$ cat start34.cif   # mmCIF, C-alpha atoms and all ligand atoms
data_upload
#
loop_
_atom_site.label_atom_id
_atom_site.label_comp_id
_atom_site.auth_asym_id
_atom_site.auth_seq_id
_atom_site.Cartn_x
_atom_site.Cartn_y
_atom_site.Cartn_z
CA MET A 1 57.16 189.00 192.44
CA SER A 2 55.52 188.71 195.80
CA ASP A 3 52.00 189.80 196.57
CA ARG A 4 52.50 190.70 200.23
CA LEU A 5 52.61 194.31 201.39
CA SER A 6 55.65 193.57 203.55
CA ASP A 7 57.60 192.85 200.38
CA PHE A 8 57.37 196.49 199.30
CA PRO A 9 59.19 198.25 202.17
CA VAL A 10 59.50 201.99 202.44
CA THR A 11 62.71 203.59 203.66
CA PHE A 12 62.97 206.43 206.19
CA HIS A 13 66.36 207.49 207.53
CA ASN A 14 68.02 204.44 205.96
CA ARG A 15 65.70 202.01 207.72
CA GLN A 16 63.05 199.91 206.08
CA TYR A 17 59.47 199.65 207.27
CA ALA A 18 56.35 197.87 206.03
CA PRO A 19 54.61 200.52 203.90
CA LEU A 20 51.59 200.92 206.17
CA MET A 21 50.80 203.91 208.36
CA VAL A 22 48.04 203.81 210.94
CA GLY A 23 46.43 207.21 210.42
CA GLY A 24 45.82 209.86 213.08
CA MET A 25 42.39 209.57 214.66
CA GLY A 26 41.34 212.34 216.99
CA VAL A 27 40.30 212.78 219.69
CA ASN A 28 42.43 210.13 221.41
CA ILE A 29 41.23 207.28 219.18
CA SER A 30 44.73 206.70 217.78
CA ASN A 31 45.98 206.86 221.35
CA ASP A 32 49.24 205.89 223.03
CA THR A 33 48.19 202.24 223.46
CA LEU A 34 47.35 201.76 219.79
CA ALA A 35 50.44 203.61 218.56
CA LEU A 36 52.76 201.65 220.85
CA ALA A 37 51.18 198.32 219.89
CA VAL A 38 51.90 199.04 216.21
CA GLU A 39 55.34 200.49 216.87
CA LYS A 40 56.28 197.31 218.75
CA LEU A 41 55.64 195.35 215.54
CA GLY A 42 58.06 197.61 213.68
CA GLY A 43 55.16 199.55 212.19
CA ILE A 44 54.38 203.23 211.69
CA ALA A 45 51.55 204.72 213.75
CA HIS A 46 50.12 208.12 214.54
CA LEU A 47 49.11 209.89 217.69
CA SER A 48 46.73 212.81 217.35
CA ASP A 49 47.44 216.19 218.93
CA ALA A 50 43.75 217.18 219.14
CA LEU A 51 42.66 218.25 222.65
CA LEU A 52 45.93 217.13 224.19
CA MET A 53 45.42 219.36 227.23
CA ASP A 54 42.35 217.32 228.11
CA ILE A 55 44.06 214.02 227.34
CA ALA A 56 47.04 214.99 229.49
CA ASP A 57 44.66 215.75 232.36
CA LYS A 58 43.11 212.29 232.10
CA GLN A 59 46.44 210.56 231.72
CA PHE A 60 48.64 212.42 234.19
CA GLY A 61 46.14 214.00 236.59
CA THR A 62 47.18 217.51 235.49
CA SER A 63 44.63 220.33 235.51
CA PHE A 64 45.19 222.12 232.20
CA CYS A 65 41.48 222.13 231.25
CA LYS A 66 40.15 222.75 234.76
CA ASP A 67 42.42 225.78 235.09
CA LYS A 68 41.29 227.02 231.69
CA ILE A 69 37.60 226.76 232.62
CA HIS A 70 38.33 228.55 235.88
CA ARG A 71 40.04 231.38 234.00
CA PHE A 72 37.23 231.88 231.50
CA LYS A 73 34.11 230.80 233.39
CA ASN A 74 32.73 234.35 233.31
CA LEU A 75 32.38 233.95 229.52
CA ILE A 76 30.04 230.96 229.65
CA ASP A 77 26.96 233.12 229.02
CA SER A 78 28.71 235.35 226.54
CA TYR A 79 28.23 234.85 222.82
CA ASP A 80 31.52 236.57 222.06
CA LYS A 81 34.31 234.09 222.90
CA SER A 82 37.18 236.24 221.62
CA GLU A 83 38.72 236.56 225.09
CA ILE A 84 39.29 232.82 225.33
CA VAL A 85 42.99 232.45 224.66
CA PHE A 86 45.13 229.40 225.16
CA ASP A 87 48.07 229.85 227.50
CA LEU A 88 50.82 228.89 225.04
CA GLU A 89 53.24 227.74 227.69
CA ARG A 90 50.67 225.36 229.15
CA LEU A 91 49.70 224.15 225.67
CA ALA A 92 53.36 223.41 224.97
CA GLU A 93 53.79 221.73 228.36
CA SER A 94 50.83 219.37 227.84
CA THR A 95 52.01 218.44 224.33
CA ARG A 96 55.63 217.88 225.39
CA ARG A 97 54.58 215.83 228.37
CA TYR A 98 52.19 213.62 226.40
CA VAL A 99 54.56 213.07 223.49
CA SER A 100 57.67 212.44 225.58
CA ASP A 101 55.77 209.96 227.75
CA VAL A 102 54.81 207.93 224.67
CA MET A 103 58.25 208.17 223.10
CA ARG A 104 59.86 206.92 226.31
CA ARG A 105 57.78 203.77 226.03
CA LYS A 106 58.76 202.97 222.43
CA THR A 107 60.71 199.82 221.64
CA GLY A 108 62.65 201.55 218.88
CA ARG A 109 61.44 199.10 216.24
CA GLY A 110 58.90 201.33 214.53
CA LEU A 111 57.98 204.98 214.16
CA ILE A 112 55.48 207.13 216.05
CA LEU A 113 54.23 210.22 214.26
CA ILE A 114 51.70 212.83 215.35
CA ASN A 115 48.80 214.20 213.31
CA CYS A 116 48.48 218.00 213.51
CA MET A 117 45.33 219.50 212.05
CA GLU A 118 45.62 223.09 210.90
CA LYS A 119 41.86 223.48 211.28
CA LEU A 120 42.20 223.44 215.06
CA THR A 121 42.26 227.21 214.96
CA MET A 122 42.14 227.66 218.77
CA ASN A 123 41.30 231.39 218.62
CA ALA A 124 44.88 232.19 217.57
CA SER A 125 45.63 229.87 214.68
CA THR A 126 49.25 230.70 213.91
CA ALA A 127 50.49 231.04 217.49
CA THR A 128 48.82 227.84 218.68
CA LEU A 129 49.91 225.87 215.61
CA LYS A 130 53.49 227.00 216.09
CA THR A 131 53.33 225.96 219.73
CA ARG A 132 51.82 222.54 218.99
CA LEU A 133 54.29 221.71 216.21
CA ASN A 134 57.38 222.76 218.12
CA ALA A 135 56.28 221.13 221.37
CA ALA A 136 55.76 217.82 219.54
CA LEU A 137 59.29 218.10 218.12
CA ASP A 138 60.66 219.00 221.55
CA GLY A 139 58.86 215.98 223.02
CA GLY A 140 60.89 213.76 220.68
CA ILE A 141 58.22 212.71 218.18
CA ASP A 142 59.58 210.72 215.21
CA GLY A 143 57.56 212.78 212.77
CA ILE A 144 54.68 215.16 212.19
CA THR A 145 51.89 214.70 209.67
CA LEU A 146 50.34 218.04 208.73
CA SER A 147 46.64 217.63 207.97
CA ALA A 148 43.28 219.38 207.59
CA GLY A 149 44.56 222.48 205.86
CA LEU A 150 47.09 223.75 203.35
CA HIS A 151 49.72 224.39 206.06
CA LEU A 152 51.25 227.26 204.14
CA SER A 153 53.20 228.53 207.12
CA SER A 154 53.85 225.29 209.05
CA MET A 155 57.36 224.59 207.72
CA LYS A 156 58.37 228.15 208.52
CA LEU A 157 56.87 227.88 212.00
CA MET A 158 59.18 224.93 212.74
CA GLN A 159 62.33 226.05 210.94
CA ASP A 160 64.16 227.26 214.06
CA ASN A 161 63.56 224.03 215.94
CA PRO A 162 66.77 221.98 216.38
CA ARG A 163 64.85 218.86 215.23
CA PHE A 164 63.43 220.50 212.08
CA HIS A 165 65.67 218.46 209.76
CA GLU A 166 65.86 215.35 211.94
CA ALA A 167 62.17 214.55 212.46
CA LEU A 168 60.07 213.35 209.55
CA ILE A 169 57.52 215.80 208.21
CA GLY A 170 54.65 214.81 205.95
CA ILE A 171 51.56 216.48 204.54
CA VAL A 172 48.06 215.18 203.84
CA VAL A 173 46.57 216.44 200.57
CA SER A 174 43.54 215.56 198.49
CA SER A 175 44.78 217.01 195.19
CA THR A 176 47.95 217.73 193.27
CA ARG A 177 47.04 221.42 193.41
CA ALA A 178 47.13 221.44 197.22
CA LEU A 179 50.52 219.71 197.15
CA GLN A 180 51.91 222.21 194.63
CA ILE A 181 50.97 225.11 196.87
CA PHE A 182 52.52 223.48 199.92
CA MET A 183 55.70 222.54 198.04
CA LYS A 184 56.32 226.16 197.04
CA ARG A 185 56.33 227.18 200.70
CA ALA A 186 58.41 224.16 201.70
CA GLN A 187 61.02 224.97 199.06
CA ALA A 188 61.16 228.54 200.29
CA VAL A 189 62.45 227.31 203.66
CA GLY A 190 64.64 224.60 202.10
CA ARG A 191 62.79 221.70 203.70
CA LEU A 192 60.81 219.30 201.52
CA PRO A 193 58.34 216.87 203.07
CA ASP A 194 59.58 213.33 203.73
CA TYR A 195 56.26 211.81 202.65
CA VAL A 196 52.91 212.82 201.22
CA VAL A 197 49.61 211.22 202.19
CA VAL A 198 46.95 211.43 199.50
CA GLU A 199 43.58 211.18 201.22
CA GLY A 200 40.72 210.31 198.91
CA PRO A 201 36.94 210.75 199.19
CA LEU A 202 36.31 207.48 201.07
CA ALA A 203 38.37 208.38 204.16
CA GLY A 204 37.12 208.80 207.70
CA GLY A 205 37.18 212.09 209.56
CA HIS A 206 36.95 215.33 207.59
CA LEU A 207 37.13 215.25 203.81
CA GLY A 208 39.31 217.51 201.73
CA PHE A 209 36.53 217.74 199.13
CA GLY A 210 33.24 219.57 198.78
CA ASP A 211 29.83 217.96 198.43
CA ASP A 212 30.99 216.64 195.08
CA TRP A 213 33.36 214.24 196.92
CA ALA A 214 31.76 211.19 195.21
CA GLU A 215 33.01 212.39 191.84
CA TYR A 216 36.62 211.88 192.88
CA ASN A 217 38.61 208.68 192.90
CA LEU A 218 41.62 207.95 195.09
CA GLU A 219 43.48 206.01 192.42
CA ASP A 220 43.29 208.88 189.94
CA ILE A 221 44.52 211.41 192.49
CA VAL A 222 47.39 209.16 193.61
CA ARG A 223 48.50 208.60 190.02
CA ASP A 224 48.36 212.35 189.38
CA VAL A 225 50.31 213.25 192.53
CA VAL A 226 52.95 210.56 191.89
CA LYS A 227 53.36 211.80 188.33
CA TRP A 228 53.68 215.43 189.39
CA ILE A 229 56.30 214.52 192.00
CA GLY A 230 58.30 212.53 189.44
CA ASP A 231 57.93 215.10 186.65
CA ASN A 232 59.30 217.75 188.97
CA GLY A 233 62.34 215.72 189.93
CA PHE A 234 61.36 215.09 193.55
CA ASP A 235 61.77 211.77 195.31
CA ILE A 236 59.01 211.70 197.92
CA PRO A 237 57.06 208.58 198.92
CA VAL A 238 53.30 208.87 198.48
CA PHE A 239 50.88 207.09 200.83
CA ALA A 240 47.34 206.45 199.59
CA ALA A 241 44.51 206.73 202.14
CA GLY A 242 40.77 206.25 202.26
CA GLY A 243 38.92 202.98 201.82
CA ILE A 244 41.98 200.72 201.69
CA PHE A 245 40.50 197.86 203.61
CA SER A 246 42.71 194.83 203.04
CA GLY A 247 46.22 193.70 202.25
CA GLU A 248 45.02 193.14 198.72
CA ASP A 249 43.75 196.71 198.37
CA ALA A 250 47.05 197.95 199.78
CA VAL A 251 49.22 195.82 197.48
CA HIS A 252 47.20 197.10 194.53
CA PHE A 253 48.03 200.72 195.41
CA VAL A 254 51.71 199.98 195.94
CA ARG A 255 52.25 197.62 193.04
CA ASP A 256 49.91 198.92 190.38
CA VAL A 257 49.10 202.57 191.17
CA GLY A 258 52.52 203.91 192.12
CA ALA A 259 52.05 204.62 195.83
CA ALA A 260 54.96 203.89 198.16
CA GLY A 261 52.54 202.85 200.89
CA VAL A 262 49.10 203.27 202.38
CA GLN A 263 47.58 205.02 205.38
CA VAL A 264 44.62 203.27 207.00
CA ALA A 265 42.40 204.02 209.97
CA THR A 266 38.89 202.56 210.13
CA ARG A 267 40.04 198.98 210.72
CA PHE A 268 42.31 200.10 213.56
CA ALA A 269 39.55 202.23 215.11
CA VAL A 270 37.88 199.00 216.26
CA ALA A 271 41.07 197.30 217.45
CA GLN A 272 41.14 196.45 221.14
CA GLU A 273 43.84 199.05 221.79
CA SER A 274 42.12 202.07 220.18
CA GLY A 275 40.65 204.77 222.40
CA LEU A 276 37.03 204.31 221.28
CA PRO A 277 34.73 202.85 223.94
CA GLU A 278 33.81 199.17 223.45
CA ALA A 279 30.14 199.99 222.68
CA VAL A 280 31.13 202.36 219.88
CA LYS A 281 33.46 199.75 218.37
CA GLN A 282 30.56 197.29 218.39
CA ARG A 283 28.38 199.93 216.68
CA TYR A 284 30.99 200.48 213.96
CA ILE A 285 31.17 196.76 213.19
CA ASP A 286 27.35 196.51 213.07
CA ALA A 287 27.16 199.41 210.59
CA THR A 288 25.69 198.95 207.12
CA ASP A 289 26.27 201.27 204.15
CA ASP A 290 22.90 202.90 204.81
CA ASP A 291 24.06 203.96 208.28
CA VAL A 292 26.84 206.19 206.88
CA GLN A 293 26.53 209.78 205.71
CA VAL A 294 28.75 212.69 204.78
CA ASN A 295 27.31 215.76 206.48
CA HIS A 296 28.09 219.28 207.65
CA PHE A 297 27.58 218.92 211.40
CA SER A 298 31.29 219.63 211.91
CA THR A 299 32.06 223.26 212.68
CA THR A 300 35.35 223.14 210.75
CA GLY A 301 33.67 223.92 207.43
CA TYR A 302 34.80 220.59 205.97
CA PRO A 303 32.29 217.79 205.26
CA MET A 304 32.70 214.86 207.63
CA ARG A 305 31.77 211.20 207.27
CA MET A 306 29.98 209.67 210.25
CA LEU A 307 27.29 207.21 211.29
CA LYS A 308 23.84 208.80 211.00
CA ASP A 309 22.97 207.92 214.58
CA SER A 310 26.03 209.65 216.07
CA PRO A 311 24.67 211.10 219.32
CA ALA A 312 26.36 214.45 218.56
CA ILE A 313 23.94 215.10 215.72
CA THR A 314 20.84 215.45 217.88
CA SER A 315 22.56 216.82 220.98
CA ASP A 316 21.72 220.33 222.14
CA ILE A 317 24.48 220.85 224.72
CA ARG A 318 25.71 224.29 225.70
CA PRO A 319 28.99 225.11 223.91
CA ASN A 320 32.03 224.21 225.99
CA CYS A 321 34.57 226.68 224.61
CA GLU A 322 35.81 227.65 228.06
CA ALA A 323 37.14 224.11 228.58
CA TYR A 324 38.08 223.34 224.96
CA GLY A 325 37.54 226.02 222.31
CA TYR A 326 39.74 224.31 219.76
CA LEU A 327 37.62 225.45 216.84
CA LEU A 328 37.19 229.08 217.79
CA GLN A 329 38.24 231.58 215.20
CA LYS A 330 38.21 235.26 216.12
CA GLY A 331 35.90 234.45 219.04
CA GLU A 332 33.38 232.57 216.92
CA CYS A 333 32.32 229.04 216.15
CA SER A 334 29.28 228.20 214.03
CA TYR A 335 27.80 225.98 216.78
CA VAL A 336 28.10 228.81 219.32
CA LYS A 337 26.20 231.13 217.00
CA GLU A 338 23.52 228.55 216.31
CA TRP A 339 23.09 227.56 219.97
CA PHE A 340 22.89 231.11 221.30
CA ALA A 341 20.33 232.03 218.64
CA ARG A 342 18.20 228.93 219.13
CA HIS A 343 18.13 229.55 222.87
CA GLY A 344 17.05 233.18 222.47
CA LYS A 345 20.30 234.57 223.86
CA ILE A 346 21.11 236.55 220.71
CA ASP A 347 18.71 237.90 218.16
CA ILE A 348 19.29 236.41 214.73
CA GLN A 349 16.34 236.25 212.33
CA PRO A 350 15.39 233.80 211.07
CA VAL A 351 16.52 231.63 213.96
CA PRO A 352 19.02 229.15 212.50
CA GLU A 353 18.10 225.49 212.15
CA HIS A 354 20.00 222.94 214.17
CA SER A 355 22.76 222.14 211.68
CA LYS A 356 26.03 222.01 213.65
CA CYS A 357 27.32 220.14 216.66
CA CYS A 358 29.67 221.03 219.50
CA LEU A 359 32.53 219.17 217.82
CA CYS A 360 35.18 219.58 220.55
CA THR A 361 32.98 218.23 223.32
CA HIS A 362 31.46 215.46 221.26
CA MET A 363 34.73 214.28 219.74
CA ARG A 364 36.18 214.26 223.24
CA ASN A 365 33.27 212.16 224.50
CA PHE A 366 33.28 209.82 221.45
CA LYS A 367 29.81 210.95 220.35
CA VAL A 368 30.83 211.76 216.77
CA TRP A 369 31.10 208.32 215.20
CA THR A 370 33.31 209.23 212.27
CA CYS A 371 34.40 206.37 210.03
CA GLY A 372 35.65 205.58 206.56
CA ALA A 373 33.23 204.59 203.81
CA SER A 374 34.35 200.98 204.17
CA VAL A 375 33.04 200.69 207.74
CA SER A 376 30.31 198.23 206.67
CA ARG A 377 33.02 195.74 205.63
CA LEU A 378 34.28 195.40 209.20
CA LYS A 379 31.73 192.69 209.95
CA ASN A 380 33.19 190.54 207.15
CA VAL A 381 36.54 190.36 208.90
CA THR A 382 35.40 190.17 212.53
CA LYS A 383 34.44 187.07 214.50
CA ARG A 384 31.04 187.00 216.17
CA ARG A 385 30.71 185.70 219.72
CA PRO A 386 27.88 183.29 220.61
CA ASP A 387 26.04 186.18 222.33
CA GLY A 388 25.99 188.13 219.05
CA SER A 389 28.64 190.68 220.03
CA TRP A 390 31.84 191.08 218.03
CA GLN A 391 35.23 189.76 219.11
CA LEU A 392 37.42 192.82 218.64
CA PRO A 393 40.73 192.18 216.87
CA THR A 394 44.04 193.22 218.37
CA ALA A 395 46.05 195.87 216.57
CA GLU A 396 48.60 193.17 215.81
CA GLU A 397 45.96 191.03 214.07
CA VAL A 398 44.82 193.96 211.92
CA TRP A 399 48.38 195.01 211.15
CA ARG A 400 49.43 191.49 210.15
CA ASP A 401 46.29 191.11 208.05
CA TYR A 402 47.34 194.15 206.00
CA VAL A 403 51.05 193.44 205.89
CA GLU A 404 51.31 189.66 205.65
CA THR A 405 48.27 188.52 203.66
CA GLU A 406 49.20 186.83 200.40
CA CYS A 407 47.17 188.54 197.69
CA GLN A 408 46.17 185.64 195.50
CA HIS A 409 43.30 187.33 193.71
CA LEU A 410 45.41 190.00 192.11
CA PRO A 411 46.85 189.38 188.68
CA LYS A 412 50.58 188.92 189.08
CA ALA A 413 52.66 191.88 187.98
CA ALA A 414 54.63 191.35 184.79
C1 LIG B 1 37.70 207.51 213.63
C2 LIG B 1 38.56 208.34 212.71
C3 LIG B 1 39.10 209.54 213.14
C4 LIG B 1 39.92 210.30 212.29
N1 LIG B 1 40.49 211.44 212.76
C5 LIG B 1 41.38 212.12 211.99
C6 LIG B 1 42.06 213.25 212.51
O1 LIG B 1 41.88 213.61 213.68
N2 LIG B 1 42.92 213.91 211.69
C7 LIG B 1 43.13 213.51 210.40
O2 LIG B 1 43.92 214.14 209.70
N3 LIG B 1 42.51 212.42 209.88
C8 LIG B 1 41.66 211.72 210.65
N4 LIG B 1 41.05 210.59 210.15
C9 LIG B 1 41.43 210.11 208.79
C10 LIG B 1 42.48 208.97 208.87
O3 LIG B 1 43.68 209.42 209.44
C11 LIG B 1 42.78 208.28 207.54
O4 LIG B 1 43.52 209.06 206.65
C12 LIG B 1 41.58 207.76 206.78
O5 LIG B 1 40.49 207.49 207.59
C13 LIG B 1 41.96 206.49 206.03
O6 LIG B 1 40.84 205.87 205.47
P1 LIG B 1 40.18 204.54 206.12
O7 LIG B 1 39.63 204.95 207.42
O8 LIG B 1 39.18 204.14 205.11
O9 LIG B 1 41.29 203.53 206.28
C14 LIG B 1 40.20 209.84 210.98
C15 LIG B 1 39.64 208.62 210.55
C16 LIG B 1 38.83 207.88 211.39
C17 LIG B 1 38.24 206.58 210.90
#
$ encode --input "start34.cif" --output "structure tokens" --more "lines below"
Ligand SMILES: Cc1cc2nc3c(=O)[nH]c(=O)nc-3n(C[C@H](O)[C@H](O)[C@H](O)COP(=O)(O)O)c2cc1C
Amino acid sequence: MSDRLSDFPVTFHNRQYAPLMVGGMGVNISNDTLALAVEKLGGIAHLSDALLMDIADKQFGTSFCKDKIHRFKNLIDSYDKSEIVFDLERLAESTRRYVSDVMRRKTGRGLILINCMEKLTMNASTATLKTRLNAALDGGIDGITLSAGLHLSSMKLMQDNPRFHEALIGIVVSSTRALQIFMKRAQAVGRLPDYVVVEGPLAGGHLGFGDDWAEYNLEDIVRDVVKWIGDNGFDIPVFAAGGIFSGEDAVHFVRDVGAAGVQVATRFAVAQESGLPEAVKQRYIDATDDDVQVNHFSTTGYPMRMLKDSPAITSDIRPNCEAYGYLLQKGECSYVKEWFARHGKIDIQPVPEHSKCCLCTHMRNFKVWTCGASVSRLKNVTKRRPDGSWQLPTAEEVWRDYVETECQHLPKAA
């Protein structure tokens, strides 16, 4: 039996793919360039749908965000942001335009999926989620990965779309319990997910755990989810995610733990094609374990893993909800509350400590340096230039390293 990941293909729509997904990395880190580079190799990659109005503006010269600021600029000094509503037609237009542009540039060898986070509540969670999901389908996306939430209504929100049964749909969970709840709703609309991503406590981005995240173990959760799926007579491939750093790690999950594949992100975040600025990629590769923390600076309510010196943490910028506002819920965001109180614009006693950041703005500007727990291992697989800087790998090099490395250190399967 072979020890290469490529020898354990996963099948979608009767076609085989190497069982490796490049995970969604918002905002615009898993961008069009990275996704297309992986797709060209016959791989599976994600786009992210976070802040797509802003990304469309940068990419196509549209003015979705500028127009939004213009519409709501009178609310800049107002603590109550409940009047900030997204124009659903424009939200759909930006998503369709972005997605269809990427899909037009595909080679057809691989798959391009989009990561949709439920936690982007956008001051009208159900209406905006419905718009984002359906616009991605209308734009021709190969599949949607539902993340950052239980997505209890997402299948229903897409069920009238003509591509509902054609596109792949997957869900990210961190426990069997979360999957069980989702599956009940999926069964109710007669549409089961095509894949499940189990994201463990070592992942980058937001964690689906509380502060006790370190007590959990990805392998245990994957085994439990795979067992539950099998015991209940379903046939759904499970992708393990979080801290899977090498081809060897990946083969272990597929061969010995029961996963059908893996989803990885941190190693691709520093690939030449990813959307992160060069200086941030260099910072990631320099990182040691001591530089990483799981904190609560995100306004989503989920803990997030990031480098301790992420500029967002100490920043005191005015909230930018008029331009973005992706995390507003009923007119509120915890950073807005904190900022207005700390600047004496509303009276809250005691004045809150600085404990949140303006996540939309700082993710957009690459000032939240979120990473997986394995970030400190990047330096072990990256070449150093004579001037001390790191020679960034191409996405192809990272992809081949996962997919084609012979895993000699693993005991051979019986
Ligand atoms: C820079 C970065 C940004 C991320 N952004 C998102 C995101 O927007 N949505 C999401 O569901 N997961 C996000 N993740 C999680 C990844 O998709 C992936 O599941 C996880 O990081 C895999 O673990 P690894 O980074 O150790 O390979 C992000 C991860 C990283 C490293």
$ residues_around --input "start34.cif" --residues "Gly108 of chain A" --least-positions-apart "4" --cutoff "12 Å" --atoms "only C-alpha atoms" --output "list of chain:residue names"
A:Arg15, A:Leu36, A:Ala37, A:Val38, A:Glu39, A:Lys40, A:Leu41, A:Gly42, A:Gly43, A:Ile44, A:Val102, A:Met103, A:Arg104, A:Ile112, A:Asp142
$ write_last_selection --input "start34.cif" --atoms "C-alpha atoms" --output "CSV table (one decimal), in the coordinates of the input"
chain,number,residue,atom,x,y,z
A,15,ARG,CA,65.7,202.0,207.7
A,36,LEU,CA,52.8,201.6,220.8
A,37,ALA,CA,51.2,198.3,219.9
A,38,VAL,CA,51.9,199.0,216.2
A,39,GLU,CA,55.3,200.5,216.9
A,40,LYS,CA,56.3,197.3,218.8
A,41,LEU,CA,55.6,195.4,215.5
A,42,GLY,CA,58.1,197.6,213.7
A,43,GLY,CA,55.2,199.6,212.2
A,44,ILE,CA,54.4,203.2,211.7
A,102,VAL,CA,54.8,207.9,224.7
A,103,MET,CA,58.2,208.2,223.1
A,104,ARG,CA,59.9,206.9,226.3
A,112,ILE,CA,55.5,207.1,216.0
A,142,ASP,CA,59.6,210.7,215.2
$ closest_residue --input "start34.cif" --among "A:Val27, A:Ile229, A:Val294, A:Ile171" --to "Asp212 of chain A" --atoms "only C-alpha atoms"
A:Val294
$ residues_near_ligand --input "start34.cif" --ligand "ligand LIG 1 (chain B)" --cutoff "9 Å" --atoms "only C-alpha atoms and all ligand atoms" --output "ChimeraX atom specification"
/A:22-30,46,48-50,115-117,145-148,172,197-207,240-245,262-270,276,305-306,368-375
$ closest_residue --input "start34.cif" --among "A:Arg318, A:Lys130, A:His252, A:Arg400" --to "Thr361 of chain A" --atoms "all atoms listed in the file"
A:Arg318
$ residues_around --input "start34.cif" --residues "Asp347 of chain A" --least-positions-apart "6" --cutoff "12 Å" --atoms "only C-alpha atoms" --output "ChimeraX atom specification"
/A:79,337-341
$ atom_distance --input "start34.cif" --atom1 "atom CA of Asn74 of chain A" --atom2 "atom CA of Arg364 of chain A"
22.7 Å
$ closest_residue --input "start34.cif" --among "A:Arg177, A:Gly247, A:Leu168, A:Phe12" --to "Gly143 of chain A" --atoms "all atoms listed in the file"
A:Leu168
$ closest_residue --input "start34.cif" --among "A:Met155, A:Cys357, A:Leu137, A:Val238" --to "Phe297 of chain A" --atoms "all atoms listed in the file"
A:Cys357
$ closest_residue --input "start34.cif" --among "A:Asn232, A:Gln391, A:Ser174, A:Ser78" --to "Val336 of chain A" --atoms "all atoms listed in the file"
A:Ser78
$ atom_distance --input "start34.cif" --atom1 "atom CA of Trp399 of chain A" --atom2 "atom CA of Ala287 of chain A"
21.7 Å
$ closest_residue --input "start34.cif" --among "A:Ser154, A:Gln180, A:Thr128, A:Gln282" --to "Trp390 of chain A" --atoms "all atoms listed in the file"
A:Gln282
$ atom_distance --input "start34.cif" --atom1 "atom CA of Ile84 of chain A" --atom2 "atom CA of Arg71 of chain A"
8.8 Å
$ residues_near_point --input "start34.cif" --point "(48.9, 225.2, 217.4)" --cutoff "9 Å" --atoms "all atoms listed in the file" --output "PyMOL selection string"
chain A and resi 88+91-92+116-118+120-122+124-134
$ residues_around --input "start34.cif" --residues "Asn123 of chain A" --least-positions-apart "4" --cutoff "10 Å" --atoms "only C-alpha atoms" --output "VMD selection string"
chain A and resid 81 to 86 127 to 128 325 to 333
$ decode --input "start34.cif" --residues "segment 131-143 of chain A" --atoms "N, CA and C atoms" --output "PDB file, in the first residue's frame"
ATOM      1  N   THR A 131     -28.730  35.745   0.234  1.00  0.00           N
ATOM      2  CA  THR A 131     -28.229  36.443  -0.954  1.00  0.00           C
ATOM      3  C   THR A 131     -26.841  35.942  -1.332  1.00  0.00           C
ATOM      4  N   ARG A 132     -25.959  35.840  -0.336  1.00  0.00           N
ATOM      5  CA  ARG A 132     -24.580  35.416  -0.617  1.00  0.00           C
ATOM      6  C   ARG A 132     -24.540  33.991  -1.181  1.00  0.00           C
ATOM      7  N   LEU A 133     -25.293  33.095  -0.559  1.00  0.00           N
ATOM      8  CA  LEU A 133     -25.269  31.689  -0.983  1.00  0.00           C
ATOM      9  C   LEU A 133     -25.793  31.541  -2.412  1.00  0.00           C
ATOM     10  N   ASN A 134     -26.924  32.173  -2.664  1.00  0.00           N
ATOM     11  CA  ASN A 134     -27.534  32.018  -3.988  1.00  0.00           C
ATOM     12  C   ASN A 134     -26.740  32.734  -5.080  1.00  0.00           C
ATOM     13  N   ALA A 135     -26.135  33.858  -4.725  1.00  0.00           N
ATOM     14  CA  ALA A 135     -25.337  34.571  -5.734  1.00  0.00           C
ATOM     15  C   ALA A 135     -24.091  33.760  -6.095  1.00  0.00           C
ATOM     16  N   ALA A 136     -23.516  33.078  -5.106  1.00  0.00           N
ATOM     17  CA  ALA A 136     -22.343  32.230  -5.403  1.00  0.00           C
ATOM     18  C   ALA A 136     -22.761  31.088  -6.339  1.00  0.00           C
ATOM     19  N   LEU A 137     -23.928  30.492  -6.081  1.00  0.00           N
ATOM     20  CA  LEU A 137     -24.416  29.434  -6.972  1.00  0.00           C
ATOM     21  C   LEU A 137     -24.667  30.006  -8.364  1.00  0.00           C
ATOM     22  N   ASP A 138     -25.305  31.161  -8.424  1.00  0.00           N
ATOM     23  CA  ASP A 138     -25.601  31.780  -9.722  1.00  0.00           C
ATOM     24  C   ASP A 138     -24.319  32.133 -10.476  1.00  0.00           C
ATOM     25  N   GLY A 139     -23.262  32.453  -9.732  1.00  0.00           N
ATOM     26  CA  GLY A 139     -21.987  32.788 -10.371  1.00  0.00           C
ATOM     27  C   GLY A 139     -21.252  31.561 -10.900  1.00  0.00           C
ATOM     28  N   GLY A 140     -21.796  30.374 -10.607  1.00  0.00           N
ATOM     29  CA  GLY A 140     -21.224  29.145 -11.179  1.00  0.00           C
ATOM     30  C   GLY A 140     -20.208  28.441 -10.299  1.00  0.00           C
ATOM     31  N   ILE A 141     -20.181  28.762  -9.018  1.00  0.00           N
ATOM     32  CA  ILE A 141     -19.195  28.138  -8.112  1.00  0.00           C
ATOM     33  C   ILE A 141     -19.374  26.614  -8.133  1.00  0.00           C
ATOM     34  N   ASP A 142     -18.256  25.877  -8.009  1.00  0.00           N
ATOM     35  CA  ASP A 142     -18.353  24.407  -7.986  1.00  0.00           C
ATOM     36  C   ASP A 142     -18.961  23.900  -6.690  1.00  0.00           C
ATOM     37  N   GLY A 143     -18.796  24.670  -5.612  1.00  0.00           N
ATOM     38  CA  GLY A 143     -19.348  24.202  -4.344  1.00  0.00           C
ATOM     39  C   GLY A 143     -19.248  25.254  -3.262  1.00  0.00           C
TER      40      GLY A 143
END
